[in-house]
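Visitor: Quick one: this structure, given as structure tokens, is what I'll be asking you about.
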Amino acid sequence: MQSPLPRNLSDCDDTEVIIRALETMPEVIDIKAAGTAMRFMTAFLAVTASPTAENVSPTGEGWRGLLTGTERMKHRPIKVLVDALRHLGADISYAGEEGFPPLRISGRQLEGGLLEVAGNISSQFISALLLIGPVLKHGLTLRLMGEIISRPYIDLTLWTMREFGADAEWTAVDTIEVKPKPYEPRPYLIENDWSAASYWYEMVALSRDPNAEIQLTGLMDGSKQGDSSVRYIFSLLGVRTTFQDATPGVPTTVTLRKSGQRVSRLDYDFTNAPDLAQTIVCTCCALGVPFHFTGLQTLKIKETDRIEALKTELRKLGFILHDKNGRELSWDGTIDDYRLKAASIDTYDDHRMALAFAPMSLLMSISINNPQVVSKSYPHFWQDLTQAGFHIAES
């Protein structure tokens with residue numbers, strides 16, 4: 001039985017490249033700049049010869065071909081995931097530089113069993129492994145070694161797997177067990193994205209209007225998304241969140257309003273929500289709130305080195321940031337008065353650079369280079385800004 005597509009699917013690049021790949025399964029799959037797609041498809045394609053996979057050929061052979069992406073993708077490390085899948089018996093080789101895409105993959109039935117990986121790797125590597133656990137012959141026991149980062153993203157993966165009938169749970173503080181129990185097709189409604197909501201929180205925080213208010217739909221109180229912590233962080237930066245309906249699991253309208261109060265300094269550990277870091281960094285600088293942020297180690301291997309990108313672009317606006325060991329970022333509140341509060345912001349093929357810097361235009365003159373990069377996660381962002389009263393001009 002074929003499962004119906006979930007409702008409320010995003011029309012962003014990340015979603016579309018995965019859907020296109022799953023529908024056509026060509027010999028060469030180009031996932032462009034979608035890091036999530038690269039990681040999840042690597043694991044998925046490695047097990048396409050599983051008895052539960054729907055794209056198995058009559059001879060029992062799995063998918064064989066090349067998984068590739070943009071030039072930047074070819075420099076994003078994937079060795080940790082490939083090594084883990086090889087340990088489970090996957091047939092994967094590098095078609096270019098060792099440790100990086102593109103990958104040659106031949107799908108096959110994998111045995112599964114015990115697998116140990118570092119807990120401080122990207123949660124997408126861990127999620128990719130967990131997602132194939134139900135179709136492994138002996139399931140998967142995944143032990144995370146050392147510090148475990150981005151735990152809420154892992155919990156979201158497990159919760160979603162269980163929504164589709166998987167038997168997957170934490171059995172110890174560092175161990176997850178996934179039983180060999182296939183997924184079950186069922187209708188599913190996807191909640192809207194709290195990461196995308198963060199940019200609207202930023203706009204309310206930066207608005208000069210003391211009565212600024214924004215309403216967002218399709219979000220849930222008690223959301224399983226790790227980035228729903230944005231409501232707490234912005235409560236410290238002067239934004240109050242109100243839910244029209246607080247029933248757990250029910251999408252509702254969320255109202256964002258200024259509270260009139262914010263902290264004089266912000267210290268925060270982003271280990272569990274690294275994708276919010278750029279938004280909060282830009283907000284704090286624009287508000288003049290000094291900060292010290294930790295847990296940023298995964299930012300260097302995103303679409304770009306986000307720590308260096310933030311330092312470079314905010315320096316154009318007079319904000320001098322300092323990083324430590326690629327894990328921490330701080331600003332002492334000092335502003336370089338010799339720099340004009342106007343800048344052309346480079347985005348480095350990173351959607352979150354454009355999304356995080358655009359709201360700063362409420363307080364200073366900003367232009368965004370390569371604005372179409374937002375299509376990766378929020379393709380209608382500029383149209384939504386226009387509807388909200390922003391004047392956007394192409395140059």
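Convention: chains lettered A, B, ... in structure tokens order; per-chain residue numbering from 1; ligands numbered from 1 as shown.
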Determine, counting only C-alpha atoms, which protein, DNA and RNA residues have an atom within 9 Å of an atom of Ala309 (chain A); residues of the same chain fewer than 3 positions away are not included. Present the result as a ChimeraX atom specification.
Guide: /A:304-306,312-314,346-348,353
Visitor: Could you write those residues out with C-alpha atoms, as a short mmCIF file (atom, residue, chain, number, x, y, z; two decimals), in the first residue's frame?
Guide:
```
data_model
loop_
_atom_site.label_atom_id
_atom_site.label_comp_id
_atom_site.auth_asym_id
_atom_site.auth_seq_id
_atom_site.Cartn_x
_atom_site.Cartn_y
_atom_site.Cartn_z
CA THR A 304 28.65 28.03 4.47
CA ASP A 305 30.87 28.61 7.48
CA ARG A 306 28.17 30.57 9.26
CA THR A 312 32.30 39.27 7.90
CA GLU A 313 28.87 40.66 7.11
CA LEU A 314 28.18 42.23 10.51
CA ASP A 346 26.60 38.66 0.83
CA THR A 347 24.66 35.44 1.44
CA TYR A 348 27.23 32.74 0.53
CA MET A 353 22.04 34.58 5.87
#
```
Visitor: Excluding Glu308 (chain A) and residues on its chain fewer than 5 positions from it, collect all residues at most 12 Å away from it, counting only C-alpha atoms, and give them as a list in words.
Guide: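 The neighbour list is Gln278, Leu296, Leu299, Lys300, Ile301, Lys302, Glu313, Leu314, Arg315, Ile320, Leu321, His322, Asp323, Lys324, Asn325, Gly326, Arg327, Glu328, Leu329, Asp346, Thr347, Tyr348 and Met353 of chain A.
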Visitor: Could you write out the selected residues, including C-alpha atoms, as a PDB file, in the first residue's frame?
Guide:
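As written to disk, part.pdb reads:
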```pdb
ATOM      1  CA  GLN A 278      22.014  33.650  12.897  1.00  0.00           C
ATOM      2  CA  LEU A 296      27.827  26.648  17.639  1.00  0.00           C
ATOM      3  CA  LEU A 299      27.689  26.143  12.072  1.00  0.00           C
ATOM      4  CA  LYS A 300      31.019  25.759  10.298  1.00  0.00           C
ATOM      5  CA  ILE A 301      29.748  22.831   8.158  1.00  0.00           C
ATOM      6  CA  LYS A 302      26.403  24.271   7.094  1.00  0.00           C
ATOM      7  CA  GLU A 313      28.866  40.662   7.106  1.00  0.00           C
ATOM      8  CA  LEU A 314      28.177  42.228  10.513  1.00  0.00           C
ATOM      9  CA  ARG A 315      31.581  43.922  10.359  1.00  0.00           C
ATOM     10  CA  ILE A 320      32.914  43.387  15.549  1.00  0.00           C
ATOM     11  CA  LEU A 321      32.242  39.807  16.642  1.00  0.00           C
ATOM     12  CA  HIS A 322      34.735  37.393  18.157  1.00  0.00           C
ATOM     13  CA  ASP A 323      34.692  33.613  17.974  1.00  0.00           C
ATOM     14  CA  LYS A 324      36.469  30.973  20.025  1.00  0.00           C
ATOM     15  CA  ASN A 325      37.472  27.579  18.610  1.00  0.00           C
ATOM     16  CA  GLY A 326      34.602  27.642  16.145  1.00  0.00           C
ATOM     17  CA  ARG A 327      32.194  26.893  19.013  1.00  0.00           C
ATOM     18  CA  GLU A 328      31.493  30.281  20.585  1.00  0.00           C
ATOM     19  CA  LEU A 329      30.598  33.731  19.313  1.00  0.00           C
ATOM     20  CA  ASP A 346      26.595  38.664   0.832  1.00  0.00           C
ATOM     21  CA  THR A 347      24.661  35.436   1.439  1.00  0.00           C
ATOM     22  CA  TYR A 348      27.235  32.738   0.530  1.00  0.00           C
ATOM     23  CA  MET A 353      22.038  34.579   5.870  1.00  0.00           C
TER      24      MET A 353
END
```
Visitor: Run DSSP on the backbone and grab whatever in region 265-307 of chain A lands in helix (DSSP H, G or I); send it over as a ChimeraX atom specification.
Guide: /A:274-287,297-301,306-307
Visitor: Go ahead and save the picked residues with N, CA and C atoms, as a short mmCIF file (atom, residue, chain, number, x, y, z; two decimals), in the first residue's frame.
Guide:
```
data_model
loop_
_atom_site.label_atom_id
_atom_site.label_comp_id
_atom_site.auth_asym_id
_atom_site.auth_seq_id
_atom_site.Cartn_x
_atom_site.Cartn_y
_atom_site.Cartn_z
N PRO A 274 20.86 25.06 16.78
CA PRO A 274 21.87 25.86 16.07
C PRO A 274 21.32 26.67 14.91
N ASP A 275 20.19 26.24 14.31
CA ASP A 275 19.66 26.97 13.16
C ASP A 275 19.06 28.32 13.54
N LEU A 276 18.89 28.57 14.84
CA LEU A 276 18.38 29.87 15.28
C LEU A 276 19.49 30.89 15.50
N ALA A 277 20.73 30.44 15.48
CA ALA A 277 21.83 31.30 15.89
C ALA A 277 21.94 32.57 15.05
N GLN A 278 21.86 32.46 13.73
CA GLN A 278 22.01 33.65 12.90
C GLN A 278 20.94 34.70 13.19
N THR A 279 19.70 34.23 13.38
CA THR A 279 18.61 35.15 13.68
C THR A 279 18.88 35.91 14.98
N ILE A 280 19.30 35.19 16.01
CA ILE A 280 19.49 35.81 17.32
C ILE A 280 20.72 36.72 17.31
N VAL A 281 21.76 36.33 16.61
CA VAL A 281 22.95 37.17 16.50
C VAL A 281 22.59 38.51 15.86
N CYS A 282 21.89 38.46 14.73
CA CYS A 282 21.51 39.70 14.04
C CYS A 282 20.59 40.55 14.90
N THR A 283 19.65 39.91 15.59
CA THR A 283 18.72 40.64 16.44
C THR A 283 19.46 41.36 17.57
N CYS A 284 20.34 40.64 18.25
CA CYS A 284 21.07 41.24 19.37
C CYS A 284 21.92 42.42 18.92
N CYS A 285 22.60 42.28 17.79
CA CYS A 285 23.42 43.38 17.30
C CYS A 285 22.55 44.60 17.00
N ALA A 286 21.44 44.38 16.30
CA ALA A 286 20.58 45.50 15.93
C ALA A 286 19.96 46.17 17.15
N LEU A 287 19.69 45.39 18.20
CA LEU A 287 19.11 45.95 19.43
C LEU A 287 20.15 46.52 20.38
N GLN A 297 29.22 24.67 17.22
CA GLN A 297 30.21 23.91 16.48
C GLN A 297 29.73 23.41 15.12
N THR A 298 28.43 23.18 14.94
CA THR A 298 27.95 22.68 13.65
C THR A 298 27.79 23.79 12.62
N LEU A 299 27.90 25.05 13.02
CA LEU A 299 27.69 26.14 12.07
C LEU A 299 28.76 26.21 10.99
N LYS A 300 29.92 25.67 11.27
CA LYS A 300 31.02 25.76 10.30
C LYS A 300 30.83 24.81 9.13
N ILE A 301 29.93 23.81 9.24
CA ILE A 301 29.75 22.83 8.16
C ILE A 301 28.35 22.92 7.56
N ARG A 306 29.07 29.50 8.81
CA ARG A 306 28.17 30.57 9.26
C ARG A 306 28.83 31.49 10.27
N ILE A 307 29.76 31.00 11.04
CA ILE A 307 30.43 31.85 12.01
C ILE A 307 31.26 32.91 11.29
#
```
Visitor: CA of Asp13 (chain A) and CA of Lys32 (chain A), how far apart in Å?
Guide: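 For CA of Lys32 (chain A) relative to CA of Asp13 (chain A), the distance reads 8.5 Å.
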Visitor: My list of candidates is A:Leu189, A:Ala33, A:Ala43, A:Leu22. Which is closest to Lys376 (chain A) when distances are computed with only C-alpha atoms?
Guide: A:Ala33
Visitor: Mind checking which residues fall within 9 Å of Asn192 (chain A), counting only C-alpha atoms, ignoring those fewer than 3 positions away in the same chain, and posting them as an NGL selection string?
Guide: :A and (8-10 or 196-197 or 217-220 or 251)
Visitor: For Asp384 (chain A), which residue among A:Tyr268, A:Phe243, A:Trp200, A:Phe125 is the nearest when counting only C-alpha atoms?
Guide: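 Checking each candidate against Asp384 (chain A), we get A:Trp200 as the closest.
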Visitor: Taking only C-alpha atoms into account, name the residue in A:Leu237, A:Leu158, A:Leu317, A:Leu103 that is nearest to Ala205 (chain A).
Guide: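 Smallest distance to Ala205 (chain A) is found for A:Leu237.
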Visitor: As a ChimeraX atom specification, please: the residues near region 141-152 of chain A (cut-off 10 Å, only C-alpha atoms, same-chain neighbours under 5 positions excluded).
Guide: /A:112-124,126,129-130,133,157-158,168-179,224-229,270-274,295-298
Visitor: Skip Ala37 (chain A) itself and residues of its chain fewer than 5 positions away, then list as a PyMOL selection string all residues within 12 Å of it, counting only C-alpha atoms.
Guide: chain A and resi 12-22+29-32+42-45+67-69+73+124-125+127-128+376
